[in-house]
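Pasting final_22.cif here (mmCIF, C-alpha atoms):
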data_input
#
loop_
_atom_site.label_atom_id
_atom_site.label_comp_id
_atom_site.auth_asym_id
_atom_site.auth_seq_id
_atom_site.Cartn_x
_atom_site.Cartn_y
_atom_site.Cartn_z
CA MET A 1 -36.40 258.67 -24.25
CA THR A 2 -37.41 255.05 -24.41
CA PHE A 3 -35.45 252.76 -22.13
CA ILE A 4 -35.08 249.16 -23.29
CA ASN A 5 -33.81 246.81 -20.61
CA TYR A 6 -32.80 243.51 -22.19
CA ALA A 7 -31.84 242.10 -18.82
CA SER A 8 -35.27 242.46 -17.22
CA ARG A 9 -37.06 242.36 -20.62
CA GLU A 10 -38.77 245.67 -20.01
CA ILE A 11 -39.43 248.69 -22.11
CA ASN A 12 -40.28 252.05 -20.54
CA CYS A 13 -41.74 255.02 -22.39
CA LYS A 14 -42.49 258.53 -21.16
CA ILE A 15 -45.69 260.36 -22.06
CA VAL A 16 -46.30 263.95 -21.01
CA TYR A 17 -49.72 265.61 -20.70
CA TYR A 18 -49.36 269.29 -21.58
CA GLY A 19 -51.82 272.17 -21.75
CA PRO A 20 -53.11 275.33 -20.04
CA GLY A 21 -53.76 275.55 -16.29
CA LEU A 22 -56.98 273.93 -15.02
CA GLY A 23 -57.47 272.24 -18.39
CA GLY A 24 -57.81 268.69 -17.03
CA LYS A 25 -54.34 267.11 -17.32
CA THR A 26 -54.32 265.83 -13.75
CA THR A 27 -57.96 264.74 -14.15
CA ASN A 28 -56.93 262.56 -17.11
CA LEU A 29 -54.31 260.82 -14.97
CA GLN A 30 -56.68 260.53 -12.03
CA TYR A 31 -59.30 258.84 -14.20
CA ILE A 32 -56.73 256.42 -15.65
CA TYR A 33 -55.55 255.65 -12.12
CA ASP A 34 -59.10 255.10 -10.80
CA SER A 35 -60.13 252.80 -13.62
CA THR A 36 -57.02 250.64 -13.91
CA ALA A 37 -56.60 247.31 -12.13
CA ALA A 38 -54.31 247.50 -9.08
CA GLN A 39 -51.69 245.15 -10.52
CA ALA A 40 -51.28 247.30 -13.66
CA LYS A 41 -50.52 250.58 -11.96
CA GLY A 42 -48.14 252.11 -9.49
CA LYS A 43 -48.80 254.90 -7.08
CA LEU A 44 -50.15 258.20 -8.47
CA ILE A 45 -47.77 260.87 -7.27
CA SER A 46 -48.94 264.47 -7.25
CA LEU A 47 -46.55 267.25 -6.36
CA ALA A 48 -49.24 269.85 -5.87
CA THR A 49 -49.85 273.03 -3.91
CA GLU A 50 -52.21 273.12 -0.93
CA THR A 51 -54.99 274.12 -3.29
CA ASP A 52 -54.38 271.08 -5.51
CA ARG A 53 -52.74 272.97 -8.34
CA THR A 54 -49.89 270.99 -9.89
CA LEU A 55 -46.62 272.43 -8.60
CA PHE A 56 -44.03 270.24 -10.30
CA PHE A 57 -45.63 267.17 -11.86
CA ASP A 58 -48.04 264.27 -11.45
CA PHE A 59 -46.66 260.84 -12.19
CA LEU A 60 -48.40 257.55 -12.89
CA PRO A 61 -46.57 254.37 -13.94
CA LEU A 62 -48.77 252.06 -15.97
CA ASP A 63 -48.06 248.47 -17.07
CA LEU A 64 -49.86 247.82 -20.31
CA GLY A 65 -48.89 244.18 -20.68
CA THR A 66 -46.44 242.22 -22.77
CA VAL A 67 -45.47 242.82 -26.37
CA ARG A 68 -43.23 240.20 -27.98
CA GLY A 69 -42.03 239.03 -24.57
CA PHE A 70 -41.23 242.54 -23.32
CA LYS A 71 -43.13 244.09 -20.43
CA THR A 72 -44.40 247.44 -21.70
CA ARG A 73 -44.54 250.21 -19.14
CA PHE A 74 -45.69 253.76 -19.74
CA HIS A 75 -44.73 256.55 -17.39
CA LEU A 76 -47.39 259.25 -17.56
CA TYR A 77 -46.48 262.76 -16.43
CA THR A 78 -48.39 266.02 -16.33
CA VAL A 79 -46.79 269.45 -16.30
CA PRO A 80 -47.95 272.41 -14.20
CA GLY A 81 -50.11 274.44 -16.56
CA GLN A 82 -49.79 277.85 -14.94
CA VAL A 83 -47.70 280.20 -17.06
CA PHE A 84 -45.12 281.04 -14.40
CA TYR A 85 -44.05 277.41 -13.91
CA ASP A 86 -42.29 277.30 -17.26
CA ALA A 87 -38.92 276.20 -15.85
CA SER A 88 -40.58 273.09 -14.38
CA ARG A 89 -42.43 272.32 -17.61
CA LYS A 90 -39.18 272.38 -19.53
CA LEU A 91 -37.57 269.88 -17.14
CA ILE A 92 -40.45 267.42 -17.43
CA LEU A 93 -40.35 267.37 -21.22
CA LYS A 94 -36.81 266.03 -21.12
CA GLY A 95 -36.65 262.56 -22.64
CA VAL A 96 -40.31 262.57 -23.68
CA ASP A 97 -41.54 259.87 -26.09
CA GLY A 98 -45.07 261.15 -26.69
CA VAL A 99 -47.13 264.25 -25.88
CA VAL A 100 -50.85 264.73 -25.20
CA PHE A 101 -52.10 268.30 -25.40
CA VAL A 102 -55.20 268.75 -23.23
CA ALA A 103 -57.02 271.82 -24.53
CA ASP A 104 -59.75 273.55 -22.54
CA SER A 105 -62.80 273.95 -24.80
CA GLN A 106 -64.26 276.93 -22.93
CA ARG A 107 -64.44 280.11 -24.95
CA GLU A 108 -62.54 282.21 -22.41
CA ARG A 109 -59.62 279.72 -22.38
CA MET A 110 -58.89 279.89 -26.10
CA ASP A 111 -55.99 282.32 -25.68
CA ALA A 112 -54.56 280.16 -22.91
CA ASN A 113 -54.69 277.12 -25.23
CA ILE A 114 -52.86 278.94 -27.99
CA GLU A 115 -50.24 280.30 -25.60
CA SER A 116 -49.67 276.87 -24.04
CA LEU A 117 -49.37 275.15 -27.42
CA TYR A 118 -46.82 277.73 -28.55
CA ASN A 119 -44.99 277.20 -25.26
CA LEU A 120 -44.96 273.43 -25.92
CA GLU A 121 -43.46 273.92 -29.36
CA GLN A 122 -40.77 276.22 -27.97
CA ASN A 123 -39.89 273.96 -25.04
CA LEU A 124 -39.71 270.87 -27.26
CA LYS A 125 -37.42 272.77 -29.59
CA GLN A 126 -35.07 273.55 -26.72
CA HIS A 127 -34.74 269.81 -26.09
CA GLY A 128 -34.07 269.20 -29.78
CA TYR A 129 -37.56 267.87 -30.62
CA ASP A 130 -39.93 268.99 -33.32
CA LEU A 131 -43.65 268.84 -32.50
CA LEU A 132 -44.29 267.81 -36.10
CA LYS A 133 -42.24 264.64 -35.57
CA VAL A 134 -43.04 263.71 -31.97
CA PRO A 135 -45.90 261.20 -31.31
CA TYR A 136 -48.70 263.61 -30.45
CA VAL A 137 -52.44 263.63 -29.67
CA LEU A 138 -54.81 266.56 -29.17
CA GLN A 139 -57.65 266.23 -26.65
CA LEU A 140 -60.44 268.81 -26.63
CA ASN A 141 -61.53 268.59 -23.02
CA LYS A 142 -64.58 269.85 -21.11
CA ARG A 143 -66.98 269.29 -23.98
CA ASP A 144 -69.88 269.05 -21.50
CA LEU A 145 -69.68 272.69 -20.41
CA PRO A 146 -72.18 275.22 -21.81
CA ASN A 147 -69.74 277.86 -23.03
CA VAL A 148 -67.58 275.76 -25.33
CA ILE A 149 -66.22 276.67 -28.74
CA ALA A 150 -67.30 274.41 -31.63
CA ALA A 151 -64.87 271.50 -32.04
CA SER A 152 -64.24 272.45 -35.67
CA ASP A 153 -63.15 275.97 -34.61
CA LEU A 154 -60.85 274.58 -31.92
CA LYS A 155 -59.34 272.20 -34.43
CA SER A 156 -58.69 274.91 -36.97
CA GLU A 157 -56.76 276.88 -34.32
CA LEU A 158 -54.95 274.04 -32.54
CA VAL A 159 -54.29 271.21 -34.99
CA ARG A 160 -50.65 271.24 -36.01
CA LYS A 161 -50.33 268.21 -38.26
CA ASP A 162 -52.35 265.03 -38.83
CA GLU A 163 -52.55 264.26 -35.12
CA PRO A 164 -55.49 262.25 -33.75
CA VAL A 165 -58.04 264.55 -32.07
CA PHE A 166 -60.44 263.39 -29.35
CA GLU A 167 -63.28 265.21 -27.70
CA GLY A 168 -63.23 264.59 -23.97
CA VAL A 169 -64.90 265.04 -20.64
CA ALA A 170 -62.01 263.90 -18.49
CA ASN A 171 -63.80 263.89 -15.13
CA ARG A 172 -66.28 261.36 -16.56
CA GLY A 173 -63.62 259.46 -18.48
CA ILE A 174 -64.93 260.36 -21.91
CA GLY A 175 -62.06 260.32 -24.40
CA VAL A 176 -59.44 259.60 -21.73
CA PHE A 177 -58.48 256.08 -22.78
CA ASP A 178 -58.92 256.84 -26.49
CA THR A 179 -56.34 259.59 -26.05
CA LEU A 180 -53.93 257.40 -24.12
CA LYS A 181 -54.28 254.55 -26.57
CA ALA A 182 -53.67 256.81 -29.57
CA VAL A 183 -50.47 258.29 -28.15
CA ALA A 184 -49.18 254.91 -26.90
CA LYS A 185 -49.77 253.45 -30.33
CA GLN A 186 -47.77 256.18 -31.99
CA VAL A 187 -44.91 255.74 -29.51
CA LEU A 188 -44.71 252.00 -30.15
CA LEU A 189 -44.94 252.42 -33.92
CA GLU A 190 -42.16 255.00 -33.70
CA LEU A 191 -40.04 252.33 -31.99
CA ARG A 192 -40.75 249.97 -34.87
CA LYS A 193 -39.70 252.65 -37.34
CA ASN A 194 -36.42 253.19 -35.50
CA GLY A 195 -35.79 249.45 -35.26
CA GLY A 196 -36.12 249.72 -31.49
CA GLY A 197 -32.47 250.60 -31.06
CA MET S 1 -36.86 261.43 -31.84
CA THR S 2 -33.74 260.42 -29.97
CA THR S 3 -32.48 256.85 -29.91
CA PRO S 4 -33.66 254.71 -27.03
CA VAL S 5 -31.37 253.94 -24.11
CA VAL S 6 -30.41 250.29 -24.18
CA LEU S 7 -29.16 248.08 -21.36
CA TYR S 8 -27.78 244.62 -22.14
CA GLU S 9 -27.74 241.63 -19.82
CA GLN S 10 -23.95 241.50 -19.46
CA GLU S 11 -23.57 245.14 -18.40
CA TYR S 12 -26.66 244.90 -16.22
CA GLU S 13 -25.04 242.06 -14.28
CA GLN S 14 -21.83 244.09 -13.92
CA LEU S 15 -23.74 247.13 -12.63
CA LYS S 16 -25.68 244.92 -10.25
CA GLN S 17 -22.38 243.56 -8.86
CA VAL S 18 -21.03 247.06 -8.30
CA ILE S 19 -24.12 248.30 -6.45
CA THR S 20 -24.36 245.11 -4.39
CA ARG S 21 -20.76 245.59 -3.27
CA LEU S 22 -21.34 249.31 -2.66
CA CYS S 23 -24.35 248.52 -0.48
CA ALA S 24 -22.23 246.17 1.68
CA ASP S 25 -19.08 248.34 1.79
CA ALA S 26 -21.02 251.50 2.69
CA ASN S 27 -23.24 249.72 5.24
CA ALA S 28 -26.18 251.12 3.31
CA LYS S 29 -29.81 250.03 3.42
CA PHE S 30 -30.48 250.44 -0.25
CA VAL S 31 -28.58 251.37 -3.41
CA PHE S 32 -30.35 252.33 -6.54
CA LEU S 33 -29.44 253.36 -10.10
CA VAL S 34 -31.83 255.44 -12.19
CA ASP S 35 -31.41 257.28 -15.46
CA LYS S 36 -31.93 261.05 -15.64
CA ASN S 37 -35.36 260.56 -17.21
CA GLY S 38 -36.59 258.64 -14.18
CA GLN S 39 -36.26 255.07 -15.46
CA GLN S 40 -34.99 252.54 -12.95
CA ILE S 41 -31.85 250.66 -14.02
CA ALA S 42 -30.87 248.47 -11.06
CA ALA S 43 -31.44 248.25 -7.32
CA HIS S 44 -30.12 246.34 -4.35
CA GLY S 45 -30.86 246.39 -0.64
CA GLU S 46 -32.99 245.48 2.31
CA MET S 47 -35.92 247.89 1.89
CA LEU S 48 -38.24 245.32 0.40
CA ASN S 49 -41.42 247.38 0.37
CA LEU S 50 -39.88 250.47 -1.14
CA ASP S 51 -41.80 251.83 -4.14
CA THR S 52 -38.81 251.96 -6.48
CA THR S 53 -40.76 253.31 -9.48
CA SER S 54 -41.88 256.37 -7.53
CA LEU S 55 -38.42 256.71 -6.02
CA ALA S 56 -36.92 256.74 -9.53
CA SER S 57 -39.24 259.40 -10.88
CA LEU S 58 -38.94 261.66 -7.82
CA THR S 59 -35.15 261.31 -7.77
CA ALA S 60 -34.95 262.30 -11.43
CA GLY S 61 -37.28 265.26 -10.76
CA ASN S 62 -35.16 266.28 -7.79
CA VAL S 63 -31.92 266.15 -9.78
CA ALA S 64 -33.50 267.99 -12.72
CA ALA S 65 -34.81 270.75 -10.44
CA THR S 66 -31.46 271.08 -8.67
CA ASP S 67 -29.64 271.25 -12.02
CA GLY S 68 -32.04 274.03 -13.00
CA LEU S 69 -31.18 275.89 -9.80
CA ALA S 70 -27.46 275.46 -10.48
CA HIS S 71 -27.78 276.90 -13.97
CA LEU S 72 -29.65 279.91 -12.60
CA ILE S 73 -26.70 280.84 -10.41
CA GLY S 74 -24.14 280.07 -13.10
CA GLU S 75 -23.05 276.62 -11.88
CA ARG S 76 -22.80 273.64 -14.21
CA GLY S 77 -24.66 271.46 -11.75
CA PHE S 78 -24.55 270.08 -8.24
CA PRO S 79 -23.08 266.62 -8.72
CA VAL S 80 -23.79 265.48 -5.15
CA LEU S 81 -27.02 265.95 -3.18
CA SER S 82 -27.54 264.83 0.36
CA HIS S 83 -30.78 264.67 2.37
CA GLU S 84 -30.66 264.07 6.08
CA GLY S 85 -33.65 262.64 7.93
CA GLU S 86 -34.31 261.60 11.52
CA ARG S 87 -33.57 257.95 10.80
CA ASP S 88 -32.68 257.56 7.15
CA ASN S 89 -30.57 259.67 4.85
CA ILE S 90 -30.25 259.81 1.08
CA HIS S 91 -27.05 260.44 -0.86
CA ILE S 92 -27.53 261.23 -4.56
CA SER S 93 -24.72 261.54 -7.08
CA ILE S 94 -24.27 261.55 -10.85
CA VAL S 95 -22.48 258.75 -12.70
CA ALA S 96 -21.21 258.96 -16.29
CA SER S 97 -22.99 262.34 -16.68
CA ARG S 98 -26.39 260.71 -17.24
CA VAL S 99 -27.15 258.20 -14.52
CA ILE S 100 -28.15 258.90 -10.92
CA LEU S 101 -26.81 256.80 -8.06
CA VAL S 102 -28.91 256.83 -4.90
CA VAL S 103 -27.69 255.45 -1.58
CA ILE S 104 -30.08 255.21 1.39
CA PHE S 105 -28.39 254.74 4.75
CA ASP S 106 -29.08 255.04 8.49
CA GLU S 107 -27.04 255.35 11.68
CA ARG S 108 -25.15 252.13 10.90
CA SER S 109 -23.20 254.17 8.32
CA SER S 110 -22.06 257.77 7.91
CA LEU S 111 -21.97 260.39 5.19
CA GLY S 112 -18.16 260.18 5.09
CA LEU S 113 -18.15 256.42 4.54
CA VAL S 114 -20.89 256.62 1.90
CA ARG S 115 -18.99 259.33 0.02
CA LEU S 116 -15.80 257.31 0.06
CA ARG S 117 -17.42 254.13 -1.20
CA VAL S 118 -19.54 255.97 -3.78
CA LYS S 119 -16.37 257.44 -5.27
CA ARG S 120 -14.88 254.02 -5.93
CA ALA S 121 -18.12 252.58 -7.26
CA THR S 122 -18.57 255.60 -9.54
CA ALA S 123 -15.20 254.97 -11.19
CA GLU S 124 -16.19 251.35 -11.86
CA MET S 125 -19.59 252.31 -13.22
CA ASN S 126 -18.11 254.99 -15.47
CA MET S 127 -16.13 252.22 -17.16
CA ILE S 128 -19.22 250.02 -17.58
CA PHE S 129 -21.23 252.85 -19.16
CA ALA S 130 -18.31 253.69 -21.46
CA ALA S 131 -18.30 250.02 -22.53
CA ILE S 132 -22.05 250.15 -23.28
CA ASP S 133 -21.54 253.29 -25.40
CA SER S 134 -18.71 251.80 -27.40
CA LYS S 135 -20.68 248.57 -27.91
CA ILE S 136 -23.64 250.50 -29.32
CA ASN S 137 -21.40 252.68 -31.50
CA ARG S 138 -19.51 249.64 -32.79
CA GLU S 139 -22.72 247.87 -33.72
CA ARG S 140 -24.07 250.99 -35.37
CA ASP S 141 -20.87 251.44 -37.38
CA MET S 142 -20.98 247.82 -38.50
CA GLY S 143 -24.61 248.26 -39.47
CA ILE S 144 -25.80 245.62 -37.04
CA SER S 145 -29.30 246.34 -35.89
CA LEU S 146 -30.22 245.31 -32.39
CA ASP S 147 -32.42 242.34 -31.84
CA SER S 148 -35.38 244.62 -31.23
CA PRO S 149 -38.64 243.32 -29.84
CA PHE S 150 -40.42 246.09 -31.71
CA ALA S 151 -39.08 245.69 -35.20
CA GLU S 152 -41.93 243.31 -36.03
CA ILE S 153 -44.66 244.80 -33.87
CA THR S 154 -48.07 244.96 -35.52
CA GLU S 155 -51.04 247.24 -34.92
CA GLU S 156 -52.89 244.17 -33.61
CA ASP S 157 -50.20 243.67 -30.94
CA ILE S 158 -50.74 247.25 -29.79
CA ASP S 159 -54.54 246.97 -29.83
CA ALA S 160 -54.24 243.80 -27.73
CA LEU S 161 -52.45 245.80 -25.01
CA PHE S 162 -55.59 247.83 -24.39
CA ASN S 163 -58.08 244.98 -24.36
#
Any chance you could put this one into structure tokens?
Amino acid sequence: MTFINYASREINCKIVYYGPGLGGKTTNLQYIYDSTAAQAKGKLISLATETDRTLFFDFLPLDLGTVRGFKTRFHLYTVPGQVFYDASRKLILKGVDGVVFVADSQRERMDANIESLYNLEQNLKQHGYDLLKVPYVLQLNKRDLPNVIAASDLKSELVRKDEPVFEGVANRGIGVFDTLKAVAKQVLLELRKNGGG
Amino acid sequence: MTTPVVLYEQEYEQLKQVITRLCADANAKFVFLVDKNGQQIAAHGEMLNLDTTSLASLTAGNVAATDGLAHLIGERGFPVLSHEGERDNIHISIVASRVILVVIFDERSSLGLVRLRVKRATAEMNMIFAAIDSKINRERDMGISLDSPFAEITEEDIDALFN
């Protein structure tokens, strides 16, 4: 839920990266963190297991600059992708303003993509959101691997509406900022539609 | 999508006064208000180098996880959480059902004193949040739209953010 602070002239929005385990959600955040100027970012927090699997969430606050005199800050979160962490995923979606679904393009992960997308729809519903109305971007990640499904086939399975779709290689930064920009744009345009209040 | 949370200057100043007083009365090091989604509302205290943005998001995560635990065992929630460290302690409580009040204190204070002072401050803040709600409802009923910075935003403005 967007938070508009008229006293400090700040606006804060929450974006959640969703998707199957080991799909590259944390890698997206890590790349954004590594390639953003120090003054525009906060600390990247990872609540992860000893083997670097996301346990609760990753969090990265990002200052994008000023729009109409208001400092615009995006809070980026990832969810744990592993199926059994569903209770945590549900908590993190609370108050979300925009969602990025990071799909794993590898053939053997197709079922995991479909299951995770269904899980996203269900968890959004429980918070009173409809995926068809929430600002949303689909990223087809890991396009550099040899065993990937054709992008057109992935799209026909995973596209839910007229969402922007980007092909990505998150560990090399390909598609990472295009994805972020597309979801941020939708969130801000949504604010305009709602009159900001 | 749900409507954004809005905080006006007048109520912000009132909240700031309450937490400033709470910090002094409870002999605390730092007092901090954050909404349940992890957005910082107001802060006061001596811990100058504290990363308040991270503190806000972790506090909200902590409260959300504890609420989840409560629901699992059939409780409505745990309205007060307390963490005790070697030097510093954290007292977390819920205000007006949707805002989290965090008090960080050391051996100059005690859990009993913090609890007592938090209770009084909570009553005051409940009234301020009720006033914000009725202000927003009143304006909505009268059809007054807020002076939004985003009503006129253009695609160029957004593109400029990423350049």
Q: With a distance cut-off of 12 Å and only C-alpha atoms, select the neighbouring residues of Lys135 of chain S, excluding the residue or stretch itself and same-chain residues fewer than 2 positions from it, and output the selection as a PyMOL selection string.
A: chain S and resi 6-8+10-11+128-133+137-142+144-146
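Residues matched by the PyMOL selection byres ((chain A) within 6 of (chain S)) in this file are Met1, Thr2, Phe3, Ile4, Asn5, Tyr6, Ala7, Leu64, Gly65, Arg68, Gly95, Arg192, Gly195, Gly196 and Gly197 of chain A.
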Q: Can you pull out every residue within 8 Å of Tyr77 of chain A, counting only C-alpha atoms, but drop anything in the same chain fewer than 6 positions away, and send it as a PyMOL selection string?
A: chain A and resi 14-17+57-60+92
Q | Reference answer for the PyMOL selection byres ((chain S and resi 111-120) around 9), as a PyMOL selection string | A | chain S and resi 22-23+25-28+82+89+91+93+101+103+105+109-110+121-125
Please enumerate the residues selected by the PyMOL selection byres ((chain A and resi 149) around 7) when evaluated against the supplied file, formatted as a compact mmCIF listing (two decimals) with C-alpha atoms, in the coordinates of the input.
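To be explicit, this is the file written out as out.txt:
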# COMPACT_ATOMS: atom_id res chain seq x y z
CA SER A 105 -62.80 273.95 -24.80
CA GLN A 106 -64.26 276.93 -22.93
CA ARG A 107 -64.44 280.11 -24.95
CA ASN A 147 -69.74 277.86 -23.03
CA VAL A 148 -67.58 275.76 -25.33
CA ALA A 150 -67.30 274.41 -31.63
CA ALA A 151 -64.87 271.50 -32.04
CA ASP A 153 -63.15 275.97 -34.61
CA LEU A 154 -60.85 274.58 -31.92
**Q.** Nearby residues (only C-alpha atoms) at most 10 Å from Leu117 of chain A, same-chain spacing under 2 positions excluded, as a list in words
**A.**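 Residues near the query, excluding close chain neighbours: Tyr18, Gly19, Pro20, Phe101, Val102, Ala103, Asp111, Ala112, Asn113, Ile114, Glu115, Asn119, Leu120, Glu121, Gln122, Asn123, Leu131, Leu158, Val159 and Arg160 of chain A.
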**Q.** Residues near segment 26-33 of chain A, cut-off 12 Å, all atoms listed in the file, skip fewer than 5 positions along chain, as a ChimeraX atom specification
**A.** /A:15-21,38-48,52-64,75-81,100-103,139-142,168-181
Q: Can you work out the spacing between atom CA of Ala184 of chain A and atom CA of Thr49 of chain A in Å, to one decimal?
A: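 That distance, rounded to one decimal, is 29.3 Å.
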